[in-house]
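Shown next: entry17.txt, given as compact mmCIF, C-alpha atoms and all ligand atoms.
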# COMPACT_ATOMS: atom_id res chain seq x y z
CA MET U 1 0.00 0.00 0.00
CA ARG U 2 1.29 3.42 -1.01
CA GLY U 3 2.26 5.76 1.79
CA VAL U 4 0.63 9.10 2.51
CA THR U 5 2.04 11.94 0.39
CA PHE U 6 2.19 15.71 0.71
CA ALA U 7 -0.46 15.86 -2.03
CA ASP U 8 -2.79 13.70 0.11
CA ILE U 9 -2.41 16.22 2.93
CA LEU U 10 -3.25 19.13 0.61
CA THR U 11 -6.32 17.19 -0.55
CA ALA U 12 -7.27 16.56 3.09
CA ARG U 13 -7.08 20.25 3.84
CA ARG U 14 -9.46 21.09 0.99
CA ARG U 15 -11.79 18.32 2.09
CA ILE U 16 -11.99 19.18 5.80
CA GLY U 17 -11.46 22.95 5.62
CA GLY U 18 -15.09 23.83 6.25
CA ALA U 19 -15.51 21.38 9.12
CA VAL U 20 -12.49 21.97 11.39
CA ARG U 21 -10.86 25.04 12.89
CA ARG U 22 -7.54 26.41 11.70
CA THR U 23 -5.93 26.88 15.11
CA PRO U 24 -3.55 29.70 16.14
CA LEU U 25 0.20 29.46 16.64
CA ALA U 26 1.00 31.62 19.68
CA PHE U 27 4.43 32.98 20.63
CA SER U 28 5.38 32.01 24.20
CA ASP U 29 7.29 34.73 26.06
CA SER U 30 8.05 32.54 29.04
CA LEU U 31 9.33 29.49 27.12
CA SER U 32 11.28 31.62 24.64
CA GLU U 33 13.02 33.43 27.46
CA ARG U 34 13.74 30.22 29.27
CA CYS U 35 15.05 28.31 26.23
CA GLY U 36 16.86 31.15 24.46
CA VAL U 37 15.11 30.41 21.14
CA PRO U 38 11.71 31.58 19.86
CA VAL U 39 9.13 29.04 21.06
CA HIS U 40 5.62 28.96 19.61
CA LEU U 41 2.67 26.90 20.83
CA LYS U 42 0.16 25.44 18.37
CA PHE U 43 -3.19 25.84 20.11
CA GLU U 44 -4.84 22.69 18.75
CA HIS U 45 -6.50 22.16 22.13
CA HIS U 46 -8.84 24.90 20.85
CA GLN U 47 -10.03 22.52 18.10
CA ILE U 48 -13.76 21.60 18.05
CA THR U 49 -14.20 18.55 20.37
CA GLY U 50 -11.06 19.66 22.21
CA ALA U 51 -8.51 17.64 20.26
CA PHE U 52 -6.94 17.21 16.80
CA LYS U 53 -8.50 13.75 16.26
CA LEU U 54 -11.42 15.54 14.60
CA ARG U 55 -9.18 16.33 11.60
CA GLY U 56 -8.35 12.73 10.73
CA ALA U 57 -11.83 11.41 11.45
CA THR U 58 -13.41 14.13 9.31
CA ASN U 59 -11.05 13.42 6.41
CA ALA U 60 -11.73 9.67 6.58
CA ILE U 61 -15.52 10.07 6.71
CA LEU U 62 -15.77 12.75 4.01
CA ALA U 63 -13.60 10.60 1.70
CA MET U 64 -16.03 7.67 1.89
CA ASP U 65 -18.41 7.07 -1.00
CA ASP U 66 -22.14 7.58 -0.54
CA ALA U 67 -22.93 3.90 -0.06
CA ALA U 68 -20.28 3.48 2.63
CA ARG U 69 -21.34 6.65 4.36
CA ALA U 70 -24.96 5.49 4.36
CA ALA U 71 -23.92 2.22 6.04
CA GLY U 72 -22.15 4.28 8.70
CA VAL U 73 -18.96 4.23 10.74
CA ALA U 74 -17.93 2.52 13.96
CA ALA U 75 -15.21 3.09 16.51
CA ALA U 76 -14.32 1.82 19.99
CA SER U 77 -12.85 4.77 21.85
CA THR U 78 -13.84 6.46 25.08
CA GLY U 79 -11.55 9.35 24.45
CA ASN U 80 -10.71 11.99 21.89
CA HIS U 81 -11.03 9.64 18.91
CA GLY U 82 -14.59 8.67 19.88
CA ARG U 83 -15.53 12.33 20.18
CA GLY U 84 -13.89 13.15 16.86
CA VAL U 85 -15.66 10.33 15.02
CA ALA U 86 -19.02 11.23 16.60
CA HIS U 87 -18.75 14.88 15.62
CA ALA U 88 -17.33 14.23 12.14
CA ALA U 89 -20.08 11.72 11.36
CA LYS U 90 -22.78 14.15 12.44
CA VAL U 91 -21.36 16.89 10.19
CA ALA U 92 -21.06 14.45 7.27
CA GLY U 93 -24.57 13.10 7.81
CA ALA U 94 -23.30 9.57 8.49
CA ARG U 95 -24.54 7.19 11.14
CA ALA U 96 -21.92 6.54 13.85
CA ILE U 97 -21.83 3.84 16.49
CA VAL U 98 -19.29 4.13 19.28
CA CYS U 99 -18.85 0.85 21.14
CA LEU U 100 -17.92 1.09 24.80
CA SER U 101 -17.52 -1.39 27.63
CA ARG U 102 -19.76 -1.45 30.70
CA LEU U 103 -16.90 0.07 32.72
CA VAL U 104 -16.98 3.41 30.95
CA PRO U 105 -18.38 6.11 33.27
CA LYS U 106 -21.80 7.53 32.48
CA ASN U 107 -20.54 11.08 31.87
CA LYS U 108 -18.29 9.82 29.04
CA VAL U 109 -21.21 7.90 27.50
CA GLU U 110 -23.37 11.02 27.66
CA ALA U 111 -20.64 13.20 26.14
CA ILE U 112 -20.43 10.96 23.08
CA GLU U 113 -24.24 10.77 22.76
CA ALA U 114 -24.39 14.56 22.99
CA LEU U 115 -22.12 14.71 19.92
CA GLY U 116 -24.76 12.78 17.99
CA ALA U 117 -23.42 9.20 17.96
CA GLU U 118 -25.18 6.05 19.04
CA VAL U 119 -23.44 4.42 21.97
CA ARG U 120 -23.46 0.64 22.24
CA ILE U 121 -22.45 -0.78 25.60
CA THR U 122 -21.04 -4.29 25.23
CA GLY U 123 -18.83 -6.45 27.36
CA ALA U 124 -16.56 -5.73 30.25
CA SER U 125 -13.42 -4.63 28.45
CA GLN U 126 -12.11 -2.52 25.61
CA ASP U 127 -11.36 -5.74 23.70
CA GLU U 128 -15.01 -6.79 23.87
CA ALA U 129 -16.09 -3.35 22.69
CA GLN U 130 -13.68 -3.72 19.77
CA ALA U 131 -15.18 -7.16 19.01
CA GLU U 132 -18.57 -5.46 18.57
CA VAL U 133 -16.97 -2.98 16.14
CA ASP U 134 -15.52 -5.92 14.18
CA ARG U 135 -18.99 -7.50 14.08
CA LEU U 136 -20.59 -4.26 12.81
CA VAL U 137 -17.98 -4.15 10.05
CA ALA U 138 -18.38 -7.83 9.09
CA GLU U 139 -22.17 -8.16 9.39
CA GLU U 140 -23.59 -4.70 8.87
CA GLY U 141 -21.13 -3.27 6.36
CA MET U 142 -20.07 -0.41 8.59
CA THR U 143 -16.61 1.14 8.20
CA MET U 144 -14.24 1.18 11.15
CA ILE U 145 -12.37 4.44 11.63
CA SER U 146 -8.97 3.69 13.18
CA PRO U 147 -7.43 6.34 15.43
CA PHE U 148 -4.08 6.18 13.58
CA GLU U 149 -3.69 3.17 11.22
CA ASP U 150 -5.47 4.76 8.25
CA PRO U 151 -3.97 6.85 5.41
CA TYR U 152 -6.93 9.28 5.48
CA VAL U 153 -6.58 9.76 9.22
CA ILE U 154 -2.82 10.36 8.87
CA ALA U 155 -3.40 12.85 6.03
CA GLY U 156 -6.03 14.66 8.11
CA GLN U 157 -3.66 15.03 11.07
CA GLY U 158 -1.02 16.18 8.57
CA THR U 159 -3.01 19.37 7.93
CA LEU U 160 -1.60 20.52 11.28
CA GLY U 161 1.87 20.31 9.76
CA LEU U 162 0.81 22.54 6.87
CA GLU U 163 -0.48 25.16 9.28
CA ILE U 164 2.73 25.05 11.33
CA VAL U 165 5.04 25.53 8.33
CA GLU U 166 2.86 28.33 6.97
CA ASP U 167 2.81 30.20 10.28
CA LEU U 168 6.46 29.51 11.18
CA PRO U 169 8.37 28.96 7.90
CA GLU U 170 11.65 29.38 9.79
CA ALA U 171 10.83 26.44 12.12
CA GLU U 172 13.84 24.26 12.96
CA THR U 173 12.22 22.06 15.60
CA VAL U 174 8.66 20.71 15.80
CA LEU U 175 7.59 18.93 18.99
CA VAL U 176 4.69 16.46 18.73
CA PRO U 177 2.97 14.19 21.30
CA LEU U 178 3.30 10.53 20.26
CA SER U 179 1.15 7.47 20.86
CA GLY U 180 -0.08 5.39 17.91
CA GLY U 181 1.78 7.81 15.66
CA GLY U 182 -0.95 9.01 13.30
CA LEU U 183 -0.45 12.57 14.44
CA ILE U 184 3.33 12.68 14.11
CA SER U 185 3.31 10.71 10.84
CA GLY U 186 1.06 13.26 9.15
CA ILE U 187 2.93 16.21 10.62
CA ALA U 188 6.34 14.77 9.71
CA ILE U 189 5.30 14.17 6.09
CA ALA U 190 4.11 17.78 5.79
CA VAL U 191 7.00 19.38 7.68
CA LYS U 192 9.81 17.33 6.09
CA THR U 193 8.45 18.01 2.61
CA ALA U 194 8.21 21.78 3.15
CA LEU U 195 11.25 22.17 5.44
CA PRO U 196 13.58 19.19 4.89
CA LYS U 197 16.08 20.39 7.49
CA ALA U 198 13.57 20.81 10.31
CA ARG U 199 13.76 18.35 13.20
CA VAL U 200 10.54 16.51 14.18
CA VAL U 201 10.60 15.06 17.69
CA GLY U 202 8.03 12.76 19.30
CA LEU U 203 7.25 13.06 23.00
CA THR U 204 5.60 10.47 25.18
CA MET U 205 5.39 9.11 28.73
CA GLU U 206 8.19 6.97 30.11
CA HIS U 207 6.10 3.89 31.00
CA GLY U 208 3.94 2.03 28.48
CA ALA U 209 5.22 3.85 25.38
CA ALA U 210 4.48 1.32 22.63
CA MET U 211 6.00 3.21 19.69
CA HIS U 212 9.23 3.88 21.54
CA ALA U 213 9.56 0.21 22.52
CA SER U 214 8.75 -0.84 18.94
CA LEU U 215 11.40 1.46 17.46
CA LYS U 216 13.96 -0.01 19.83
CA ALA U 217 12.94 -3.56 18.96
CA GLY U 218 12.92 -2.82 15.23
CA HIS U 219 9.34 -4.08 14.83
CA PRO U 220 5.94 -3.45 16.47
CA VAL U 221 5.82 -4.86 20.01
CA GLU U 222 3.24 -4.85 22.79
CA VAL U 223 3.88 -3.11 26.08
CA GLU U 224 2.03 -3.25 29.35
CA GLU U 225 -0.39 -0.36 29.77
CA VAL U 226 0.35 1.76 32.83
CA PRO U 227 -1.92 4.55 34.11
CA THR U 228 -0.51 7.96 33.19
CA LEU U 229 -1.48 11.62 33.38
CA ALA U 230 -1.03 11.55 29.59
CA ASP U 231 -3.97 9.14 29.27
CA SER U 232 -4.55 9.99 25.59
CA LEU U 233 -1.08 8.57 24.86
CA GLY U 234 -1.90 5.09 26.22
CA GLY U 235 -2.53 1.98 24.11
CA GLY U 236 -0.55 -0.07 21.62
CA ILE U 237 0.40 0.49 17.99
CA GLY U 238 -0.92 -2.91 16.81
CA LEU U 239 1.34 -5.86 16.02
CA ASP U 240 0.16 -5.70 12.40
CA ASN U 241 0.94 -1.98 12.09
CA VAL U 242 1.70 -1.09 8.46
CA HIS U 243 1.41 2.70 8.34
CA THR U 244 2.66 4.63 11.33
CA PHE U 245 5.57 2.45 12.50
CA SER U 246 7.45 2.70 9.21
CA THR U 247 6.66 6.42 8.80
CA VAL U 248 7.85 7.24 12.30
CA ARG U 249 10.99 5.16 11.84
CA GLU U 250 11.78 6.92 8.57
CA LEU U 251 10.88 10.54 9.35
CA VAL U 252 10.96 11.20 13.09
CA ASP U 253 14.35 12.38 14.33
CA ASP U 254 14.02 11.49 17.99
CA VAL U 255 11.58 10.22 20.62
CA VAL U 256 11.86 11.67 24.13
CA LEU U 257 10.25 10.18 27.27
CA LEU U 258 8.77 12.23 30.13
CA SER U 259 8.05 11.26 33.74
CA GLU U 260 4.68 11.80 35.41
CA GLU U 261 6.08 14.68 37.48
CA GLU U 262 7.43 16.33 34.32
CA ILE U 263 4.05 15.99 32.59
CA ALA U 264 2.40 17.56 35.66
CA GLU U 265 4.86 20.47 35.42
CA GLY U 266 3.92 20.91 31.77
CA ILE U 267 0.22 21.16 32.69
CA ARG U 268 1.06 23.68 35.45
CA HIS U 269 3.21 25.81 33.15
CA ALA U 270 0.51 25.84 30.46
CA TYR U 271 -1.98 27.09 33.03
CA TRP U 272 -0.01 29.62 35.07
CA LYS U 273 2.28 31.03 32.36
CA GLU U 274 0.29 30.52 29.16
CA ARG U 275 -3.23 30.64 30.68
CA GLN U 276 -4.17 27.45 28.86
CA VAL U 277 -5.97 24.34 30.11
CA VAL U 278 -4.37 21.31 28.47
CA GLU U 279 -4.53 17.58 29.12
CA GLY U 280 -1.45 15.56 30.04
CA ALA U 281 -0.87 14.27 26.51
CA ALA U 282 -0.75 17.86 25.26
CA ALA U 283 1.69 19.05 27.93
CA VAL U 284 4.63 16.84 26.90
CA GLY U 285 6.21 19.40 24.52
CA ILE U 286 6.24 22.10 27.18
CA ALA U 287 7.51 19.53 29.70
CA ALA U 288 10.41 18.55 27.44
CA LEU U 289 11.44 22.20 26.97
CA LEU U 290 11.13 23.03 30.68
CA THR U 291 13.25 20.09 31.79
CA GLY U 292 15.83 20.44 29.04
CA ARG U 293 15.14 16.85 27.94
CA ILE U 294 15.14 18.26 24.47
CA GLU U 295 17.85 20.66 23.50
CA ALA U 296 16.14 23.80 22.21
CA ARG U 297 17.56 24.49 18.76
CA GLY U 298 16.28 27.23 16.45
CA PRO U 299 12.72 28.49 16.19
CA THR U 300 10.54 25.83 17.81
CA ALA U 301 6.85 24.90 17.56
CA ALA U 302 5.27 22.68 20.23
CA LEU U 303 1.87 21.17 19.54
CA LEU U 304 -0.76 21.34 22.31
CA SER U 305 -2.91 18.46 21.10
CA GLY U 306 -5.97 18.48 23.38
CA CYS U 307 -7.74 19.89 26.44
CA ASN U 308 -9.90 16.97 27.59
CA ILE U 309 -8.76 16.54 31.17
CA ASP U 310 -10.87 15.86 34.25
CA MET U 311 -11.20 19.38 35.66
CA GLU U 312 -10.95 18.22 39.26
CA VAL U 313 -7.63 16.49 38.48
CA HIS U 314 -6.54 19.65 36.68
CA ARG U 315 -7.48 21.84 39.66
CA ARG U 316 -5.45 19.70 42.02
CA LEU U 317 -2.43 19.63 39.70
CA VAL U 318 -2.31 23.39 39.15
CA SER U 319 -2.76 23.91 42.90
CA GLY U 320 0.61 22.21 43.26
CA GLU U 321 -0.57 18.74 44.26
CA MET U 322 0.79 15.66 42.55
CA VAL U 323 -2.02 13.43 41.29
CA ARG U 324 -1.20 9.86 40.45
CA ALA U 325 -2.97 8.71 37.32
CA GLY U 326 -5.66 6.13 37.95
CA GLU U 327 -6.10 7.42 41.51
CA ALA U 328 -8.91 9.78 40.44
CA ALA U 329 -10.98 9.06 37.35
C1 LIG Y 401 -4.55 10.63 20.27
C2 LIG Y 401 -3.84 11.76 20.93
C3 LIG Y 401 -2.44 11.93 20.83
C4 LIG Y 401 -1.54 10.93 20.11
O1 LIG Y 401 -1.86 10.80 18.74
P1 LIG Y 401 -1.34 9.50 17.93
O2 LIG Y 401 -1.78 9.71 16.55
O3 LIG Y 401 -1.99 8.30 18.58
O4 LIG Y 401 0.14 9.44 18.10
C5 LIG Y 401 -1.88 13.04 21.43
N1 LIG Y 401 -2.62 13.93 22.12
C6 LIG Y 401 -3.96 13.80 22.25
C7 LIG Y 401 -4.70 14.83 23.01
C8 LIG Y 401 -4.62 12.72 21.65
O5 LIG Y 401 -5.95 12.59 21.79
Re-express the file's structure as structure tokens.
Ligand SMILES: *Cc1c(COP(=O)(O)O)cnc(C)c1O
Amino acid sequence: MRGVTFADILTARRRIGGAVRRTPLAFSDSLSERCGVPVHLKFEHHQITGAFKLRGATNAILAMDDAARAAGVAAASTGNHGRGVAHAAKVAGARAIVCLSRLVPKNKVEAIEALGAEVRITGASQDEAQAEVDRLVAEEGMTMISPFEDPYVIAGQGTLGLEIVEDLPEAETVLVPLSGGGLISGIAIAVKTALPKARVVGLTMEHGAAMHASLKAGHPVEVEEVPTLADSLGGGIGLDNVHTFSTVRELVDDVVLLSEEEIAEGIRHAYWKERQVVEGAAAVGIAALLTGRIEARGPTAALLSGCNIDMEVHRRLVSGEMVRAGEAA
């Protein structure tokens, strides 16, 4: 299968332009002063649904033909991907079913229903919810929208890279949160095409980082999932990964790991110095700059990928408390 190209990302931008926000790139006084290079923050946490996943989901759904769209789409995500698929399907006029396990809290179920999707509660685990998605695909002709293993999703996330290089054509470093790698794959294809010398760095939590472990092993591997403040970065890359693993290996210059305390500091800095509410997954770029885990080099853009954090956890963190992930849900 052919990889995603720069042209695919330009096509994605035309396709999704009316349905997603073009988010601002804001100069950060405090981080620039601290790092000695101009640092800009990409405010993608201001995206509709509170995270970038809307871009990829919208591109995938709008690219479907009428028959497929009429049959509808399915996903098994409690988080930002589920919200993105629900909202994108509503805008595209497609039926969406989000499959969740019985363990998912009621407020999350209601949030996805409020975005216009049907919620189907099945089984006692994420795997059983995924089994229902597989059944909907096999028996009812629905289309599964993957959170990262899909060329249309990757191209949709890549539109963020276009916006970054347009707003900061002198960028030398681009910092991107990393989990399944759909986000950084799309961004790296856009950035490396427009600015071949720019460095693209992935940032993730130190425990349970599947892409990092896979890069080290030289092939996709499974890792044990560990609760983290960067909950949107949890989960595996799939042992049968064909898209993001090879793209990340080819185009991403470095992957940097952050501790829970460092991620908490990133959330606190975003709030007190930048006046922004971000979730843990979105705070990793700031965290890496604050701790010096990444050497600041040239004009830098750090992507703030989402804002969907439990506000009580957020309140405690910015009040100076340390909250262990999984302790409060
Ligand atoms: C999904 C997600 C990521 C990671 O994106 P991948 O494509 O899985 O690497 C980062 N931040 C937020 C807020 C997310 O929801």
Mind working out the centre and edge lengths of an axis-aligned box for ligand LIG 401 (chain Y), all listed atoms inside, 3 Å added to each side, rounded to one decimal in Å and written as JSON?
{"center_x": -2.9, "center_y": 11.6, "center_z": 19.8, "size_x": 12.1, "size_y": 12.5, "size_z": 12.5}
Per-residue nearest contacts chain U to ligand LIG 401 (chain Y), cut-off 9 Å, using only C-alpha atoms and all ligand atoms, as CSV:
residue,atom,partner,partner_atom,distance
U:Glu44,CA,Y:LIG401,C7,8.9
U:His45,CA,Y:LIG401,C7,7.6
U:Gly50,CA,Y:LIG401,C7,8.0
U:Ala51,CA,Y:LIG401,C7,5.5
U:Phe52,CA,Y:LIG401,O5,6.9
U:Lys53,CA,Y:LIG401,O5,6.2
U:Gly79,CA,Y:LIG401,O5,7.0
U:Asn80,CA,Y:LIG401,O5,4.8
U:His81,CA,Y:LIG401,O5,6.5
U:Pro147,CA,Y:LIG401,O3,6.6
U:Phe148,CA,Y:LIG401,O2,5.2
U:Glu149,CA,Y:LIG401,O2,8.7
U:Val153,CA,Y:LIG401,O2,8.8
U:Ile154,CA,Y:LIG401,O2,7.8
U:Gln157,CA,Y:LIG401,O2,7.9
U:Val176,CA,Y:LIG401,C5,7.9
U:Pro177,CA,Y:LIG401,C5,5.0
U:Leu178,CA,Y:LIG401,O4,4.0
U:Ser179,CA,Y:LIG401,O4,3.5
U:Gly180,CA,Y:LIG401,O3,3.5
U:Gly181,CA,Y:LIG401,O4,3.4
U:Gly182,CA,Y:LIG401,O2,3.4
U:Leu183,CA,Y:LIG401,O2,3.8
U:Ile184,CA,Y:LIG401,O4,6.0
U:Ser185,CA,Y:LIG401,O2,7.7
U:Gly186,CA,Y:LIG401,O2,8.7
U:Gly202,CA,Y:LIG401,O4,8.6
U:Thr204,CA,Y:LIG401,C5,8.8
U:Met211,CA,Y:LIG401,O4,8.7
U:Ala230,CA,Y:LIG401,N1,8.0
U:Asp231,CA,Y:LIG401,C6,8.4
U:Ser232,CA,Y:LIG401,C8,4.8
U:Leu233,CA,Y:LIG401,C4,5.3
U:Gly234,CA,Y:LIG401,O3,8.3
U:Gly235,CA,Y:LIG401,O3,8.4
U:Ile237,CA,Y:LIG401,O3,8.2
U:Thr244,CA,Y:LIG401,O2,8.5
U:Val278,CA,Y:LIG401,C7,8.5
U:Glu279,CA,Y:LIG401,C7,6.7
U:Gly280,CA,Y:LIG401,C7,7.8
U:Ala281,CA,Y:LIG401,N1,4.7
U:Ala282,CA,Y:LIG401,N1,5.4
U:Ala283,CA,Y:LIG401,N1,8.9
U:Leu303,CA,Y:LIG401,N1,8.9
U:Leu304,CA,Y:LIG401,C7,7.6
U:Ser305,CA,Y:LIG401,C7,4.5
U:Gly306,CA,Y:LIG401,C7,3.9
U:Cys307,CA,Y:LIG401,C7,6.8
U:Asn308,CA,Y:LIG401,C7,7.3
**Asked** Between U:Leu317, U:Leu195, U:Val133, U:Leu62, which has the minimum distance to Gly17 in chain U (counting all atoms listed in the file)?
**Response**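 Of U:Leu317, U:Leu195, U:Val133, U:Leu62, the one nearest Gly17 in chain U is U:Leu62, counting all atoms listed in the file.
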**Request:** May I have the residues within 8 Å of Ile145 in chain U as a ChimeraX atom specification, using all atoms listed in the file and disregarding those fewer than 6 positions away in the same chain?
**Result:** /U:57,60,73-75,85
Excluding same-chain residues fewer than 5 positions from range 165-170 of chain U, what lies within 12 Å of it counting only C-alpha atoms, as a PDB file with C-alpha atoms, in the frame of the given file?
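Output (part_32.pdb):
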ATOM      1  CA  ARG U  22      -7.540  26.410  11.700  1.00  0.00           C
ATOM      2  CA  THR U  23      -5.930  26.880  15.110  1.00  0.00           C
ATOM      3  CA  PRO U  24      -3.550  29.700  16.140  1.00  0.00           C
ATOM      4  CA  LEU U  25       0.200  29.460  16.640  1.00  0.00           C
ATOM      5  CA  ALA U  26       1.000  31.620  19.680  1.00  0.00           C
ATOM      6  CA  PHE U  27       4.430  32.980  20.630  1.00  0.00           C
ATOM      7  CA  VAL U  37      15.110  30.410  21.140  1.00  0.00           C
ATOM      8  CA  PRO U  38      11.710  31.580  19.860  1.00  0.00           C
ATOM      9  CA  VAL U  39       9.130  29.040  21.060  1.00  0.00           C
ATOM     10  CA  HIS U  40       5.620  28.960  19.610  1.00  0.00           C
ATOM     11  CA  LEU U  41       2.670  26.900  20.830  1.00  0.00           C
ATOM     12  CA  LYS U  42       0.160  25.440  18.370  1.00  0.00           C
ATOM     13  CA  GLY U 158      -1.020  16.180   8.570  1.00  0.00           C
ATOM     14  CA  THR U 159      -3.010  19.370   7.930  1.00  0.00           C
ATOM     15  CA  LEU U 160      -1.600  20.520  11.280  1.00  0.00           C
ATOM     16  CA  ILE U 187       2.930  16.210  10.620  1.00  0.00           C
ATOM     17  CA  ALA U 188       6.340  14.770   9.710  1.00  0.00           C
ATOM     18  CA  ILE U 189       5.300  14.170   6.090  1.00  0.00           C
ATOM     19  CA  ALA U 190       4.110  17.780   5.790  1.00  0.00           C
ATOM     20  CA  VAL U 191       7.000  19.380   7.680  1.00  0.00           C
ATOM     21  CA  LYS U 192       9.810  17.330   6.090  1.00  0.00           C
ATOM     22  CA  THR U 193       8.450  18.010   2.610  1.00  0.00           C
ATOM     23  CA  ALA U 194       8.210  21.780   3.150  1.00  0.00           C
ATOM     24  CA  LEU U 195      11.250  22.170   5.440  1.00  0.00           C
ATOM     25  CA  PRO U 196      13.580  19.190   4.890  1.00  0.00           C
ATOM     26  CA  LYS U 197      16.080  20.390   7.490  1.00  0.00           C
ATOM     27  CA  ALA U 198      13.570  20.810  10.310  1.00  0.00           C
ATOM     28  CA  ARG U 199      13.760  18.350  13.200  1.00  0.00           C
ATOM     29  CA  ARG U 297      17.560  24.490  18.760  1.00  0.00           C
ATOM     30  CA  GLY U 298      16.280  27.230  16.450  1.00  0.00           C
ATOM     31  CA  PRO U 299      12.720  28.490  16.190  1.00  0.00           C
ATOM     32  CA  THR U 300      10.540  25.830  17.810  1.00  0.00           C
ATOM     33  CA  ALA U 301       6.850  24.900  17.560  1.00  0.00           C
ATOM     34  CA  ALA U 302       5.270  22.680  20.230  1.00  0.00           C
TER      35      ALA U 302
END
**Request:** Between U:Ala210, U:Met144, U:Leu54, U:Leu257, single out the one closest to Leu239 in chain U, counting all atoms listed in the file.
**Result:**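 For Leu239 in chain U, the nearest of the candidates is U:Ala210.
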**One-decimal distance in Å that lies between CA of Glu321 in chain U and CA of Leu290 in chain U** =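 Taking CA of Leu290 in chain U as the start and CA of Glu321 in chain U as the end point, the length is 18.4 Å.
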**Asked** Between CA of Leu289 in chain U and CA of His212 in chain U, what is the distance, to one decimal in Å?
**Response**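 Pair CA of Leu289 in chain U / CA of His212 in chain U returns 19.2 Å.
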**Non-local contacts of Gln126 in chain U (12 Å; all atoms listed in the file; under 3 positions in same chain excluded) as a ChimeraX atom specification** = /U:75-79,98-104,121-123,129-133,235
Generate the output file for the selected residues, C-alpha atoms, as a PDB file, keeping the file's coordinate frame.
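Ended up saving to again-v8.pdb:
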ATOM      1  CA  ALA U  75     -15.210   3.090  16.510  1.00  0.00           C
ATOM      2  CA  ALA U  76     -14.320   1.820  19.990  1.00  0.00           C
ATOM      3  CA  SER U  77     -12.850   4.770  21.850  1.00  0.00           C
ATOM      4  CA  THR U  78     -13.840   6.460  25.080  1.00  0.00           C
ATOM      5  CA  GLY U  79     -11.550   9.350  24.450  1.00  0.00           C
ATOM      6  CA  VAL U  98     -19.290   4.130  19.280  1.00  0.00           C
ATOM      7  CA  CYS U  99     -18.850   0.850  21.140  1.00  0.00           C
ATOM      8  CA  LEU U 100     -17.920   1.090  24.800  1.00  0.00           C
ATOM      9  CA  SER U 101     -17.520  -1.390  27.630  1.00  0.00           C
ATOM     10  CA  ARG U 102     -19.760  -1.450  30.700  1.00  0.00           C
ATOM     11  CA  LEU U 103     -16.900   0.070  32.720  1.00  0.00           C
ATOM     12  CA  VAL U 104     -16.980   3.410  30.950  1.00  0.00           C
ATOM     13  CA  ILE U 121     -22.450  -0.780  25.600  1.00  0.00           C
ATOM     14  CA  THR U 122     -21.040  -4.290  25.230  1.00  0.00           C
ATOM     15  CA  GLY U 123     -18.830  -6.450  27.360  1.00  0.00           C
ATOM     16  CA  ALA U 129     -16.090  -3.350  22.690  1.00  0.00           C
ATOM     17  CA  GLN U 130     -13.680  -3.720  19.770  1.00  0.00           C
ATOM     18  CA  ALA U 131     -15.180  -7.160  19.010  1.00  0.00           C
ATOM     19  CA  GLU U 132     -18.570  -5.460  18.570  1.00  0.00           C
ATOM     20  CA  VAL U 133     -16.970  -2.980  16.140  1.00  0.00           C
ATOM     21  CA  GLY U 235      -2.530   1.980  24.110  1.00  0.00           C
TER      22      GLY U 235
END
**Item:** Nearest to Ile9 in chain U, chosen from U:Glu163, U:Glu261, U:Asp29, U:Glu140, with all atoms listed in the file counted in the distances
**Value:**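 Checking each candidate against Ile9 in chain U, we get U:Glu163 as the closest.
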**Request:** Choose the residue, out of U:Leu258, U:Met311, U:Val91, U:Ala68, that has the smallest atom-to-atom separation from Ala209 in chain U; count all atoms listed in the file.
**Result:** U:Leu258
